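Student: Got a structure here, written out as structure tokens. Questions coming.
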Amino acid sequence: MPLIINASSMLLRFVIKNFYSFKEQSEFNLFPSSKATYNTHHINSCGHAEVLRFSSIYGANGAGKSNLIKALIDLQGIVAQGHISGLILNTYKFQLAKEKLDEPVSLAIEFYSHNTIYYYSIDLDTDQVINEALYISEKNKDRLVFERHGNGSQSISFGKGLFKDKKDALFSSVLEERLLNKDALLLSFMAVNYPEENLDIKQAYDWILNGLFIIRSDSMKNLTIPHALDTNPEMMNLLMSLLPGMKTGISSMAVVPTVVNDDMIDPRLANSIKSTPGRAWTFPSRTDSRINDTIVYENERLIRKELQPYHRLDDGTEIKMPISFESDGTIRLIEYVPVIYLILNQECTVIIDEIERSLHPILVKGIISKLSESKTAKGQIVFTTHESCLLDKEILRPDEIWFAQKDEDQATQLYPLSDFNIHKTASIENGYLNGRYGGIPFLSNLKDLHW
């Protein structure tokens, strides 16, 4: 997984309907509320809109927090594939209401890229794209880039000034009748086959694929961390500043390079690596299955790069320790360093599912506090969590705290803390743990369960 994110990138909102546990239309957004008056440095200007750099999503297990992340990943996958052929959409629809199986899936995303706010939406059903549209959000109105309706006969319309040559305006009728299949996405088709025709289409397509850096627990190992630390001194310095303060026991870290002979790896892999000089590839660690080494073709040699931790003895000397001796929490912290670096230094959007996995609450609070305090951080972070220690007014604003909760239909509802009236002296954490805001499990009386 590359550690580079497109610049000028911010997520504004995501709208979802009839997808996974979302029955009716639900919206998650990062718009600031007028009720929140502190941590104003968390607000970024995106053209005519203001957008928050932070958002956390709380909820009980099974409430639908991860489904929101999965839906974003699926949107990326559909746009990357360019069509829905082979996608069994009925398995994605809300399963607990029969009528929903006959309705389309709806997804929409609004984002900021290249000084422009885009709104892209799709309605999908079994074998066709029912509706698809891309708009540019302007201060007083929305400007059409394209709109497509495909339920039955297909119709496509483009905004004014799409084509360089007026004769090419006939292109839409050709698309409708011959070029664009009913199960294909117009956004992907145009961006891949006609990238020069309209910059807005290409930029929207690129952002959906590359503007969101989504991290799930099973995707961290894909990060090319040893190479990133080896080639970026600032990132290594960030790691060195975090490890001692987080009490991991590591006094310093090094990246150890070794030359790899061609006969030591699969010939096809060796050829692929050699064809992309300077690009890092993940490679299984020799000592620890939790984190990968990297391999890169540099100076006409295959170079394997491994992390080497050092610990300090009582007399002040440092000794090497195998990476396999480090705790799961330390490994997780190391994996987060490139992500923290991105948020501090690039205009990007990072989304993390279960940010606290394998981390002690103090480590989680330390990471988020560092990002929250920074007044120069350029990126945006959205994460799901159960960690109540982050419910601190010094760290997160009320509009940066969202809850996911199932209703009586077992459908996920999303709402921000800023919807509640909270006294300025109230403890948000205590209120949350006492069930005032929802988003926590409701347990039966344990005595009734004979515990």
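Residues in the structure tokens are numbered from 1 in each chain, the chains being A, B, ... in the order shown, and ligands are numbered from 1 in the order shown.
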Within 10 Å of stretch 145-152 of chain A, counting only C-alpha atoms, which residues qualify if same-chain residues fewer than 4 places away don't, as a ChimeraX atom specification?
Tutor: /A:118-125,128-136,156-162,172,176,181-183,185-187,198,200-201
Student: One decimal, Å: what's the distance from atom CA of A:Pro233 over to atom CA of A:Pro338, could you say?
Tutor: 11.7 Å
Student: When you look at A:Lys93 with a cut-off of 12 Å (counting only C-alpha atoms), what residues show up, excluding the ones that are within fewer than 4 positions of it in the same chain? I need them as a PDB file with C-alpha atoms, in the first residue's frame.
Tutor:
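File written: out_15.pdb
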```pdb
ATOM      1  CA  ILE A  16     -25.721   5.759   2.482  1.00  0.00           C
ATOM      2  CA  LYS A  17     -29.059   3.996   2.044  1.00  0.00           C
ATOM      3  CA  ASN A  18     -30.141   0.348   1.912  1.00  0.00           C
ATOM      4  CA  PHE A  19     -26.588  -0.867   2.328  1.00  0.00           C
ATOM      5  CA  TYR A  20     -25.483  -3.291   5.039  1.00  0.00           C
ATOM      6  CA  SER A  21     -27.160  -2.194   8.301  1.00  0.00           C
ATOM      7  CA  PHE A  22     -28.262   1.193   6.914  1.00  0.00           C
ATOM      8  CA  LYS A  23     -31.959   0.879   6.061  1.00  0.00           C
ATOM      9  CA  GLU A  24     -33.031   4.455   5.400  1.00  0.00           C
ATOM     10  CA  ASN A  67     -20.273  -0.952   8.022  1.00  0.00           C
ATOM     11  CA  ALA A  71     -19.298   1.021   2.431  1.00  0.00           C
ATOM     12  CA  LEU A  87     -21.570  -7.957  -7.847  1.00  0.00           C
ATOM     13  CA  ILE A  88     -24.466  -9.665  -6.057  1.00  0.00           C
ATOM     14  CA  LEU A  89     -26.065  -6.492  -4.753  1.00  0.00           C
ATOM     15  CA  ALA A  97     -36.984  -5.690   5.674  1.00  0.00           C
ATOM     16  CA  LYS A  98     -38.250  -7.625   2.636  1.00  0.00           C
ATOM     17  CA  GLU A  99     -39.246  -4.490   0.740  1.00  0.00           C
ATOM     18  CA  LYS A 100     -35.652  -3.262   0.825  1.00  0.00           C
ATOM     19  CA  LEU A 101     -34.531  -6.188  -1.328  1.00  0.00           C
ATOM     20  CA  ASP A 102     -36.519  -4.662  -4.202  1.00  0.00           C
ATOM     21  CA  GLU A 103     -35.007  -1.204  -3.765  1.00  0.00           C
ATOM     22  CA  PRO A 104     -31.657   0.027  -5.097  1.00  0.00           C
ATOM     23  CA  VAL A 105     -28.532   0.667  -3.072  1.00  0.00           C
ATOM     24  CA  SER A 106     -27.682   4.369  -2.795  1.00  0.00           C
ATOM     25  CA  LEU A 107     -24.263   5.856  -2.062  1.00  0.00           C
ATOM     26  CA  LEU A 124     -27.354   0.591  -8.050  1.00  0.00           C
ATOM     27  CA  ASP A 125     -29.514  -2.460  -8.511  1.00  0.00           C
ATOM     28  CA  THR A 126     -29.016  -6.057  -9.572  1.00  0.00           C
ATOM     29  CA  ALA A 411     -31.101  -0.434  11.369  1.00  0.00           C
TER      30      ALA A 411
END
```
Student: By how many Å are atom CA of A:Ser358 and atom CA of A:Glu387 apart?
Tutor: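 Computing the Euclidean distance for atom CA of A:Ser358 and atom CA of A:Glu387 yields 12.1 Å.
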Student: Considering only C-alpha atoms, return as an MDAnalysis selection string whatever protein or nucleic-acid residues lie within 9 Å of stretch 240-251 of chain A, sequence-local ones (same chain, fewer than 2 positions apart) excluded.
Tutor: chainID A and resid 235:238 253 309:312 318 326:327 329:330 333:334 337 362:363 366:367
Student: Would you pick out the contacts of stretch 276-278 of chain A at 10 Å or less, using only C-alpha atoms, so that residues sharing its chain but fewer than 2 positions from it are not included, and give the list as a list in words?
Tutor: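 Selected residues are His227, Asn271, Ser272, Ile273, Lys274, Ala280, Trp281, Ile295, Val296, Tyr297, Glu298, Asn299, Glu300, Arg301 and Leu302 of chain A.
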Student: Counting only C-alpha atoms, which of A:His41, A:Lys375, A:Arg13, A:Lys141 gets nearest to A:Glu110?
Tutor: A:Arg13
Student: Which is closest to A:Arg286 among A:Thr412, A:Ser324, A:Ser34, A:Thr317, if we use only C-alpha atoms?
Tutor: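 Using only C-alpha atoms, A:Arg286 sits closest to A:Ser324.
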Student: Might you pull out every residue within 7 Å of A:Leu52, with only C-alpha atoms counted and same-chain residues fewer than 4 positions away left off, and present them as a PyMOL selection string?
Tutor: chain A and resi 30-32+42-44
Student: List the spatial neighbours of A:Val364 as an NGL selection string - criterion: any atom at most 9 Å away, only C-alpha atoms, same-chain residues fewer than 5 positions off excluded.
Tutor: :A and (333 or 355-356 or 359 or 369 or 387 or 389-390)
Student: According to DSSP computed on the backbone, where in stretch 79-198 of chain A is there alpha helix (DSSP H)? Give the residues as a PyMOL selection string.
Tutor: chain A and resi 79-81+171-174+186-193
